[in-house]
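Next comes data-v7.tsv, with TSV, C-alpha atoms and all ligand atoms.
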chain	number	residue	atom	x	y	z
A	1	MET	CA	124.53	91.61	105.29
A	2	ASP	CA	125.29	90.79	101.65
A	3	LEU	CA	122.00	91.37	99.85
A	4	GLY	CA	123.07	89.31	96.82
A	5	LEU	CA	122.40	92.17	94.40
A	6	GLN	CA	125.93	92.71	93.05
A	7	GLY	CA	125.94	92.87	89.24
A	8	ARG	CA	122.15	92.76	88.97
A	9	VAL	CA	120.09	95.46	87.22
A	10	ALA	CA	117.35	97.71	88.65
A	11	VAL	CA	114.88	100.18	87.20
A	12	VAL	CA	113.77	102.83	89.70
A	13	ALA	CA	110.96	105.00	88.34
A	14	ALA	CA	110.53	108.69	89.21
A	15	ALA	CA	113.99	108.98	90.72
A	16	SER	CA	115.42	112.47	90.09
A	17	ARG	CA	114.78	113.32	93.76
A	18	GLY	CA	113.07	112.15	96.95
A	19	LEU	CA	112.28	108.51	97.70
A	20	GLY	CA	113.05	107.25	94.18
A	21	ARG	CA	116.42	108.98	94.11
A	22	ALA	CA	117.40	107.60	97.55
A	23	THR	CA	116.36	104.10	96.46
A	24	ALA	CA	118.38	104.27	93.24
A	25	GLU	CA	121.45	105.34	95.22
A	26	ARG	CA	120.93	102.60	97.82
A	27	LEU	CA	120.68	99.89	95.13
A	28	ALA	CA	123.73	101.32	93.36
A	29	GLN	CA	125.62	101.02	96.67
A	30	GLU	CA	124.86	97.28	96.53
A	31	GLY	CA	126.75	97.06	93.23
A	32	MET	CA	123.67	97.12	90.98
A	33	ASN	CA	123.51	98.86	87.61
A	34	VAL	CA	120.54	101.20	87.78
A	35	ALA	CA	118.22	102.87	85.27
A	36	ILE	CA	116.27	105.88	86.51
A	37	CYS	CA	113.60	108.08	84.95
A	38	ALA	CA	111.85	111.40	85.53
A	39	ARG	CA	110.31	114.00	83.22
A	40	ASN	CA	112.89	116.78	83.63
A	41	THR	CA	116.00	115.78	81.65
A	42	GLU	CA	118.39	118.19	83.36
A	43	LEU	CA	117.48	117.19	86.94
A	44	LEU	CA	117.48	113.52	85.98
A	45	GLN	CA	120.89	113.71	84.36
A	46	ARG	CA	122.29	115.50	87.41
A	47	ALA	CA	120.89	112.83	89.76
A	48	ALA	CA	122.38	110.07	87.59
A	49	GLU	CA	125.82	111.71	87.64
A	50	GLU	CA	125.70	112.23	91.41
A	51	ILE	CA	124.71	108.60	92.06
A	52	GLN	CA	127.37	107.36	89.67
A	53	ASN	CA	130.05	109.52	91.32
A	54	ALA	CA	128.99	108.47	94.83
A	55	THR	CA	128.82	104.72	94.15
A	56	GLY	CA	130.85	103.91	91.03
A	57	ALA	CA	127.79	102.11	89.61
A	58	GLU	CA	126.63	102.54	86.04
A	59	VAL	CA	123.49	104.71	86.01
A	60	LEU	CA	121.32	105.07	82.91
A	61	ALA	CA	119.09	108.17	82.82
A	62	VAL	CA	116.00	107.87	80.60
A	63	PRO	CA	113.75	110.95	80.48
A	64	ALA	CA	110.23	109.50	80.76
A	65	ASP	CA	106.78	110.29	82.13
A	66	VAL	CA	105.45	107.18	83.87
A	67	SER	CA	101.87	108.23	83.14
A	68	ASN	CA	102.61	107.71	79.43
A	69	PRO	CA	102.77	104.02	78.33
A	70	GLU	CA	105.03	104.81	75.35
A	71	ASP	CA	107.60	106.42	77.68
A	72	VAL	CA	107.44	103.39	79.99
A	73	ARG	CA	108.01	101.05	77.05
A	74	ARG	CA	111.09	103.08	76.01
A	75	LEU	CA	112.44	103.10	79.60
A	76	ILE	CA	112.43	99.31	79.85
A	77	ALA	CA	113.63	98.81	76.25
A	78	GLU	CA	116.61	101.14	76.77
A	79	THR	CA	117.43	99.40	80.05
A	80	ARG	CA	117.48	96.03	78.30
A	81	GLU	CA	119.57	97.43	75.45
A	82	ARG	CA	122.15	98.93	77.84
A	83	PHE	CA	122.37	96.24	80.52
A	84	GLY	CA	120.93	93.11	78.86
A	85	ARG	CA	118.69	92.13	81.80
A	86	LEU	CA	116.34	93.42	84.47
A	87	ASP	CA	116.14	92.00	87.99
A	88	VAL	CA	114.53	94.63	90.20
A	89	LEU	CA	111.70	97.04	89.40
A	90	VAL	CA	110.81	99.80	91.85
A	91	THR	CA	107.56	101.48	90.81
A	92	ASN	CA	107.16	105.08	91.87
A	93	ALA	CA	105.60	108.33	90.63
A	94	GLY	CA	104.85	111.81	91.86
A	95	GLY	CA	101.97	112.02	94.33
A	96	PRO	CA	98.51	112.96	93.06
A	97	PRO	CA	97.37	116.49	94.05
A	98	PRO	CA	95.78	117.04	97.48
A	99	GLY	CA	92.06	117.69	97.84
A	100	ASN	CA	88.79	116.45	99.31
A	101	PHE	CA	85.87	114.86	97.44
A	102	PHE	CA	84.29	118.05	96.08
A	103	ASP	CA	87.68	119.64	95.24
A	104	VAL	CA	88.77	117.18	92.58
A	105	SER	CA	87.54	117.24	88.97
A	106	ASP	CA	87.02	114.25	86.66
A	107	GLY	CA	90.16	115.35	84.80
A	108	GLN	CA	92.16	115.11	88.05
A	109	TRP	CA	90.69	111.66	88.79
A	110	GLU	CA	91.70	110.46	85.33
A	111	ALA	CA	95.22	111.94	85.55
A	112	ALA	CA	95.71	110.39	89.00
A	113	PHE	CA	94.46	107.02	87.70
A	114	ARG	CA	97.17	107.06	85.01
A	115	LEU	CA	99.88	108.37	87.36
A	116	THR	CA	99.22	106.21	90.42
A	117	LEU	CA	97.71	102.96	89.12
A	118	MET	CA	98.34	102.63	85.39
A	119	SER	CA	102.03	103.56	85.75
A	120	VAL	CA	102.45	100.41	87.87
A	121	VAL	CA	100.47	98.34	85.34
A	122	TRP	CA	102.58	99.60	82.42
A	123	LEU	CA	105.91	99.23	84.25
A	124	CYS	CA	105.08	95.65	85.28
A	125	ARG	CA	103.75	94.75	81.82
A	126	GLU	CA	107.09	95.73	80.26
A	127	ALA	CA	109.40	94.44	83.01
A	128	VAL	CA	107.84	91.06	83.87
A	129	PRO	CA	108.61	89.29	80.57
A	130	LEU	CA	112.34	89.96	81.15
A	131	MET	CA	112.13	88.67	84.72
A	132	LYS	CA	110.21	85.58	83.57
A	133	GLU	CA	113.01	84.74	81.11
A	134	GLN	CA	115.49	84.87	84.01
A	135	ARG	CA	113.13	83.12	86.44
A	136	TRP	CA	114.16	85.71	89.03
A	137	GLY	CA	112.67	89.08	89.78
A	138	ARG	CA	111.73	91.56	92.48
A	139	ILE	CA	109.02	94.18	92.15
A	140	VAL	CA	108.64	96.74	94.94
A	141	ASN	CA	105.91	99.40	94.76
A	142	ILE	CA	106.26	102.69	96.63
A	143	THR	CA	102.75	103.46	97.94
A	144	SER	CA	101.80	105.22	101.20
A	145	VAL	CA	100.46	104.64	104.73
A	146	SER	CA	97.21	105.87	103.19
A	147	VAL	CA	96.57	102.27	102.05
A	148	LYS	CA	96.15	101.34	105.70
A	149	GLN	CA	94.80	104.58	107.19
A	150	PRO	CA	93.36	107.34	104.95
A	151	LEU	CA	95.09	110.73	105.19
A	152	ASP	CA	93.03	113.92	105.42
A	153	ASN	CA	92.72	115.99	102.23
A	154	LEU	CA	94.43	113.29	100.11
A	155	LEU	CA	91.35	111.68	98.57
A	156	LEU	CA	93.00	110.66	95.28
A	157	SER	CA	95.93	109.00	97.03
A	158	ASN	CA	93.64	107.29	99.56
A	159	SER	CA	91.50	105.84	96.76
A	160	LEU	CA	93.91	104.88	94.00
A	161	ARG	CA	96.81	103.49	96.03
A	162	LEU	CA	94.54	100.75	97.34
A	163	ALA	CA	94.17	99.55	93.77
A	164	VAL	CA	97.98	99.23	93.59
A	165	ILE	CA	97.90	97.00	96.67
A	166	GLY	CA	95.17	94.84	95.09
A	167	LEU	CA	97.20	94.62	91.90
A	168	ALA	CA	100.40	93.72	93.81
A	169	LYS	CA	98.67	91.02	95.83
A	170	SER	CA	97.22	89.47	92.66
A	171	LEU	CA	100.51	89.70	90.76
A	172	ALA	CA	102.37	88.13	93.67
A	173	ARG	CA	100.27	84.99	93.23
A	174	GLU	CA	100.46	85.01	89.44
A	175	LEU	CA	104.23	85.50	89.28
A	176	ALA	CA	105.32	83.27	92.16
A	177	PRO	CA	105.89	80.25	89.85
A	178	TYR	CA	108.53	82.32	88.03
A	179	ASN	CA	110.39	83.17	91.25
A	180	ILE	CA	109.28	86.80	90.98
A	181	THR	CA	108.20	88.47	94.22
A	182	VAL	CA	105.90	91.49	94.40
A	183	ASN	CA	105.80	93.64	97.52
A	184	SER	CA	104.85	97.20	98.47
A	185	VAL	CA	106.26	99.69	100.93
A	186	CYS	CA	103.94	102.13	102.69
A	187	PRO	CA	105.90	105.20	103.79
A	188	GLY	CA	104.63	107.55	106.45
A	189	PRO	CA	105.79	111.18	106.43
A	190	ILE	CA	109.34	111.31	105.06
A	191	ALA	CA	111.32	114.52	104.58
A	192	THR	CA	111.25	115.13	100.79
A	193	GLU	CA	110.08	117.95	98.50
A	194	ARG	CA	106.68	116.27	98.21
A	195	MET	CA	106.38	116.43	102.00
A	196	GLU	CA	107.28	120.14	101.95
A	197	GLN	CA	104.48	120.74	99.44
A	198	LEU	CA	101.97	118.81	101.55
A	199	LEU	CA	102.95	120.79	104.65
A	200	GLN	CA	102.46	124.07	102.72
A	201	ALA	CA	99.04	122.92	101.45
A	202	GLN	CA	97.94	121.84	104.93
A	203	ALA	CA	99.17	125.05	106.51
A	204	GLN	CA	97.20	127.09	103.99
A	205	MET	CA	94.06	125.00	104.46
A	206	ARG	CA	94.15	125.19	108.27
A	207	GLY	CA	95.43	128.76	108.62
A	208	ILE	CA	98.64	127.69	110.40
A	209	THR	CA	102.36	127.84	109.54
A	210	PRO	CA	104.17	124.96	107.75
A	211	GLU	CA	106.21	124.47	110.97
A	212	GLU	CA	102.99	124.02	112.96
A	213	ALA	CA	101.72	121.59	110.30
A	214	LYS	CA	104.98	119.63	110.63
A	215	ALA	CA	104.67	119.56	114.43
A	216	ALA	CA	101.11	118.20	114.08
A	217	TRP	CA	102.36	115.33	111.83
A	218	THR	CA	105.21	114.62	114.21
A	219	ARG	CA	102.79	114.24	117.14
A	220	GLU	CA	101.15	111.39	115.17
A	221	ILE	CA	104.45	109.50	114.90
A	222	PRO	CA	105.48	107.55	118.03
A	223	LEU	CA	109.17	107.77	117.06
A	224	GLY	CA	108.74	111.55	117.25
A	225	ARG	CA	110.22	112.61	113.90
A	226	LEU	CA	109.74	112.44	110.15
A	227	GLY	CA	111.56	109.65	108.33
A	228	GLN	CA	114.58	110.12	106.09
A	229	PRO	CA	114.49	108.95	102.43
A	230	GLN	CA	117.34	106.47	102.97
A	231	GLU	CA	115.31	104.74	105.70
A	232	LEU	CA	112.68	103.82	103.11
A	233	ALA	CA	115.44	102.92	100.63
A	234	ASP	CA	116.92	100.46	103.15
A	235	ALA	CA	113.58	98.64	103.42
A	236	ILE	CA	113.25	98.51	99.61
A	237	ALA	CA	116.81	97.17	99.24
A	238	PHE	CA	115.95	94.36	101.64
A	239	LEU	CA	112.73	93.45	99.79
A	240	ALA	CA	114.75	93.47	96.53
A	241	SER	CA	117.41	91.19	97.98
A	242	GLU	CA	118.12	87.49	97.75
A	243	ASN	CA	117.45	87.33	101.50
A	244	ALA	CA	113.78	88.32	101.02
A	245	ALA	CA	113.08	85.37	98.69
A	246	PHE	CA	110.15	84.06	100.80
A	247	ILE	CA	108.38	87.42	101.17
A	248	THR	CA	105.77	88.20	98.53
A	249	GLY	CA	102.40	89.97	98.49
A	250	SER	CA	103.30	91.96	101.59
A	251	ALA	CA	102.76	95.68	102.28
A	252	LEU	CA	105.39	96.94	104.72
A	253	GLN	CA	104.85	100.10	106.73
A	254	VAL	CA	107.87	102.38	107.11
A	255	ASP	CA	106.17	105.03	109.21
A	256	GLY	CA	107.78	105.40	112.65
A	257	GLY	CA	104.77	103.59	114.15
A	258	MET	CA	102.18	106.06	112.81
A	259	VAL	CA	99.51	103.58	111.68
A	260	LYS	CA	97.64	102.13	114.64
A	261	PHE	CA	95.93	99.07	113.17
A	262	VAL	CA	96.93	95.69	114.61
A	263	LEU	CA	97.03	93.31	111.59
B	1	LIG	P1	108.97	114.03	95.37
B	1	LIG	O1	107.95	114.96	94.80
B	1	LIG	O2	110.01	114.56	96.28
B	1	LIG	O3	109.70	113.27	94.17
B	1	LIG	C1	108.93	112.71	93.13
B	1	LIG	C2	109.83	112.23	92.00
B	1	LIG	O4	108.98	111.71	90.98
B	1	LIG	C3	110.66	113.33	91.33
B	1	LIG	O5	111.88	112.81	90.92
B	1	LIG	C4	109.81	113.71	90.11
B	1	LIG	O6	110.57	114.26	89.09
B	1	LIG	C5	109.28	112.36	89.73
B	1	LIG	N1	108.03	112.34	88.99
B	1	LIG	C6	106.88	112.97	89.33
B	1	LIG	N2	105.93	112.70	88.42
B	1	LIG	C7	106.50	111.91	87.47
B	1	LIG	C8	106.04	111.32	86.28
B	1	LIG	N3	104.78	111.49	85.85
B	1	LIG	N4	106.88	110.54	85.55
B	1	LIG	C9	108.15	110.37	85.96
B	1	LIG	N5	108.65	110.92	87.09
B	1	LIG	C10	107.84	111.67	87.84
B	1	LIG	O7	108.10	112.89	96.05
B	1	LIG	P2	108.54	111.78	97.15
B	1	LIG	O8	108.34	112.34	98.50
B	1	LIG	O9	109.83	111.20	96.76
B	1	LIG	O10	107.37	110.71	96.96
B	1	LIG	C11	107.42	109.68	96.01
B	1	LIG	C12	106.06	108.97	96.05
B	1	LIG	O11	105.83	108.48	97.37
B	1	LIG	C13	104.89	109.91	95.74
B	1	LIG	O12	103.89	109.21	95.05
B	1	LIG	C14	104.40	110.29	97.12
B	1	LIG	O13	103.05	110.68	97.12
B	1	LIG	C15	104.61	108.99	97.87
B	1	LIG	N6	104.71	109.18	99.32
B	1	LIG	C16	105.59	110.08	99.84
B	1	LIG	C17	105.62	110.25	101.22
B	1	LIG	C18	106.56	111.25	101.86
B	1	LIG	O14	106.38	111.53	103.04
B	1	LIG	N7	107.55	111.76	101.17
B	1	LIG	C19	104.78	109.51	102.05
B	1	LIG	C20	103.91	108.61	101.48
B	1	LIG	C21	103.88	108.45	100.10
Take the structure in the file and give it back as structure tokens.
Ligand code: NAD
Amino acid sequence: MDLGLQGRVAVVAAASRGLGRATAERLAQEGMNVAICARNTELLQRAAEEIQNATGAEVLAVPADVSNPEDVRRLIAETRERFGRLDVLVTNAGGPPPGNFFDVSDGQWEAAFRLTLMSVVWLCREAVPLMKEQRWGRIVNITSVSVKQPLDNLLLSNSLRLAVIGLAKSLARELAPYNITVNSVCPGPIATERMEQLLQAQAQMRGITPEEAKAAWTREIPLGRLGQPQELADAIAFLASENAAFITGSALQVDGGMVKFVL
């Protein structure tokens, strides 16, 4: 299927590894020029070179912390300067730390608020004016299955990601007249470094090994395995495509059937 993305421009936030990195590579495979960011310059630069070598696409690496609005402004400004347009925005960030209600401090709540919710606000605030000028745009937010079914010991994620869904649903209505769609993907357990860290934390908390923690997750997934980053990237590429023009305000699970709710 030709996704109609050839020659268009994407920004993928938090993309030196994991889900963001896989998404940037997938969009580059479609012939897009891609800008990526992360805080660590060396890792980011390496990811950009690898994606460029694998796909032949032009990849711009902008060191930036998405929980800092000045960095976000620079990311979008440098993208515009380099490529002259912006068609697809994939919002993403590191996950907030694990913990239950009495484990997390006010400082952690405030940091998670900036990282998980305000990063999406700031990215959209900078990107949408460019998309409005073009009267074409796709925004895809990477969230989590926790927006549909809370995950144990992930209180900050369970709470703040729901605000991203509320924001996306509202923006979808507000931006529809400009032919800009806003959707979210809700990954279940996918094999990345973040997942490794969660398995370690769970193993420690429950007095089991990380392998046993992984087996417990896997039992919750009808397809019987963790997902691979490129499987989420495929879903994002579709939502970013010309073909998905009539889909907006949706929150798509990519979870191997893990979430049990009906609607
Ligand atoms: P990861 O830790 O493997 O990668 C995170 C990426 O974000 C890295 O490139 C890192 O450098 C970058 N990053 C972190 N904080 C940043 C910041 N403040 N500014 C800029 N870049 C930053 O994580 P992942 O597994 O790829 O997950 C990505 C997001 O999806 C996270 O929010 C995670 O909680 C969520 N998620 C992941 C899974 C999963 O199973 N992997 C499931 C549900 C939700």
From the options A:Ile51, A:Leu154, A:Met118, A:Leu44, which residue's atoms come nearest to Arg26 of chain A, counting only C-alpha atoms? A:Ile51
Residues near Val259 of chain A, cut-off 12 Å, all atoms listed in the file, skip fewer than 4 positions along chain, as a PyMOL selection string: chain A and resi 144-151+186-189+220-223+252-255+263
Interatomic distance between atom CA of Pro96 of chain A and atom CA of Glu49 of chain A?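 Result for atom CA of Pro96 of chain A versus atom CA of Glu49 of chain A: 27.9 Å, one decimal.
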Env. residues ligand LIG 1 (chain B) / 8 Å / all atoms listed in the file / as a PyMOL selection string: chain A and resi 13-21+37-40+43-44+63-68+92-96+115-116+142-146+157+186-195+226-227+229
Create the file for the chosen residues now, containing C-alpha atoms and written as a JSON list (two decimals), in the frame of the given file.
[["chain", "number", "residue", "atom", "x", "y", "z"],
["A", 13, "ALA", "CA", 110.96, 105.00, 88.34],
["A", 14, "ALA", "CA", 110.53, 108.69, 89.21],
["A", 15, "ALA", "CA", 113.99, 108.98, 90.72],
["A", 16, "SER", "CA", 115.42, 112.47, 90.09],
["A", 17, "ARG", "CA", 114.78, 113.32, 93.76],
["A", 18, "GLY", "CA", 113.07, 112.15, 96.95],
["A", 19, "LEU", "CA", 112.28, 108.51, 97.70],
["A", 20, "GLY", "CA", 113.05, 107.25, 94.18],
["A", 21, "ARG", "CA", 116.42, 108.98, 94.11],
["A", 37, "CYS", "CA", 113.60, 108.08, 84.95],
["A", 38, "ALA", "CA", 111.85, 111.40, 85.53],
["A", 39, "ARG", "CA", 110.31, 114.00, 83.22],
["A", 40, "ASN", "CA", 112.89, 116.78, 83.63],
["A", 43, "LEU", "CA", 117.48, 117.19, 86.94],
["A", 44, "LEU", "CA", 117.48, 113.52, 85.98],
["A", 63, "PRO", "CA", 113.75, 110.95, 80.48],
["A", 64, "ALA", "CA", 110.23, 109.50, 80.76],
["A", 65, "ASP", "CA", 106.78, 110.29, 82.13],
["A", 66, "VAL", "CA", 105.45, 107.18, 83.87],
["A", 67, "SER", "CA", 101.87, 108.23, 83.14],
["A", 68, "ASN", "CA", 102.61, 107.71, 79.43],
["A", 92, "ASN", "CA", 107.16, 105.08, 91.87],
["A", 93, "ALA", "CA", 105.60, 108.33, 90.63],
["A", 94, "GLY", "CA", 104.85, 111.81, 91.86],
["A", 95, "GLY", "CA", 101.97, 112.02, 94.33],
["A", 96, "PRO", "CA", 98.51, 112.96, 93.06],
["A", 115, "LEU", "CA", 99.88, 108.37, 87.36],
["A", 116, "THR", "CA", 99.22, 106.21, 90.42],
["A", 142, "ILE", "CA", 106.26, 102.69, 96.63],
["A", 143, "THR", "CA", 102.75, 103.46, 97.94],
["A", 144, "SER", "CA", 101.80, 105.22, 101.20],
["A", 145, "VAL", "CA", 100.46, 104.64, 104.73],
["A", 146, "SER", "CA", 97.21, 105.87, 103.19],
["A", 157, "SER", "CA", 95.93, 109.00, 97.03],
["A", 186, "CYS", "CA", 103.94, 102.13, 102.69],
["A", 187, "PRO", "CA", 105.90, 105.20, 103.79],
["A", 188, "GLY", "CA", 104.63, 107.55, 106.45],
["A", 189, "PRO", "CA", 105.79, 111.18, 106.43],
["A", 190, "ILE", "CA", 109.34, 111.31, 105.06],
["A", 191, "ALA", "CA", 111.32, 114.52, 104.58],
["A", 192, "THR", "CA", 111.25, 115.13, 100.79],
["A", 193, "GLU", "CA", 110.08, 117.95, 98.50],
["A", 194, "ARG", "CA", 106.68, 116.27, 98.21],
["A", 195, "MET", "CA", 106.38, 116.43, 102.00],
["A", 226, "LEU", "CA", 109.74, 112.44, 110.15],
["A", 227, "GLY", "CA", 111.56, 109.65, 108.33],
["A", 229, "PRO", "CA", 114.49, 108.95, 102.43]]
Applying 9 Å and all atoms listed in the file, which residues near Ser170 of chain A remain after dropping the ones on its own chain fewer than 5 positions away? List them as a PDB file with C-alpha atoms, in the frame of the given file.
ATOM      1  CA  ILE A 165      97.900  97.000  96.670  1.00  0.00           C
ATOM      2  CA  LEU A 175     104.230  85.500  89.280  1.00  0.00           C
ATOM      3  CA  GLY A 249     102.400  89.970  98.490  1.00  0.00           C
TER       4      GLY A 249
END
Excluding same-chain residues fewer than 6 positions from Ala201 of chain A, what lies within 10 Å of it counting all atoms listed in the file, as a list in words? Pro97, Pro98, Gly99, Asn153, Met195, Gly207, Pro210 and Ala213 of chain A
For a test of reading the model, state the distance in Å between atom CA of Gly56 of chain A and atom CA of Arg74 of chain A, rounded to one decimal. 24.8 Å
Can you pull out every residue within 10 Å of Phe246 of chain A, counting only C-alpha atoms, but drop anything in the same chain fewer than 6 positions away, and send it as a VMD selection string? chain A and resid 176 179 181 239
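Take the candidates A:Ala203, A:Ala251, A:Val121, A:Leu156 and check each one against Val185 of chain A using all atoms listed in the file; the shortest distance goes to A:Ala251.
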Calculate how many Å separate atom CA of Pro177 of chain A from atom CA of Arg8 of chain A, rounding to one decimal. 20.5 Å
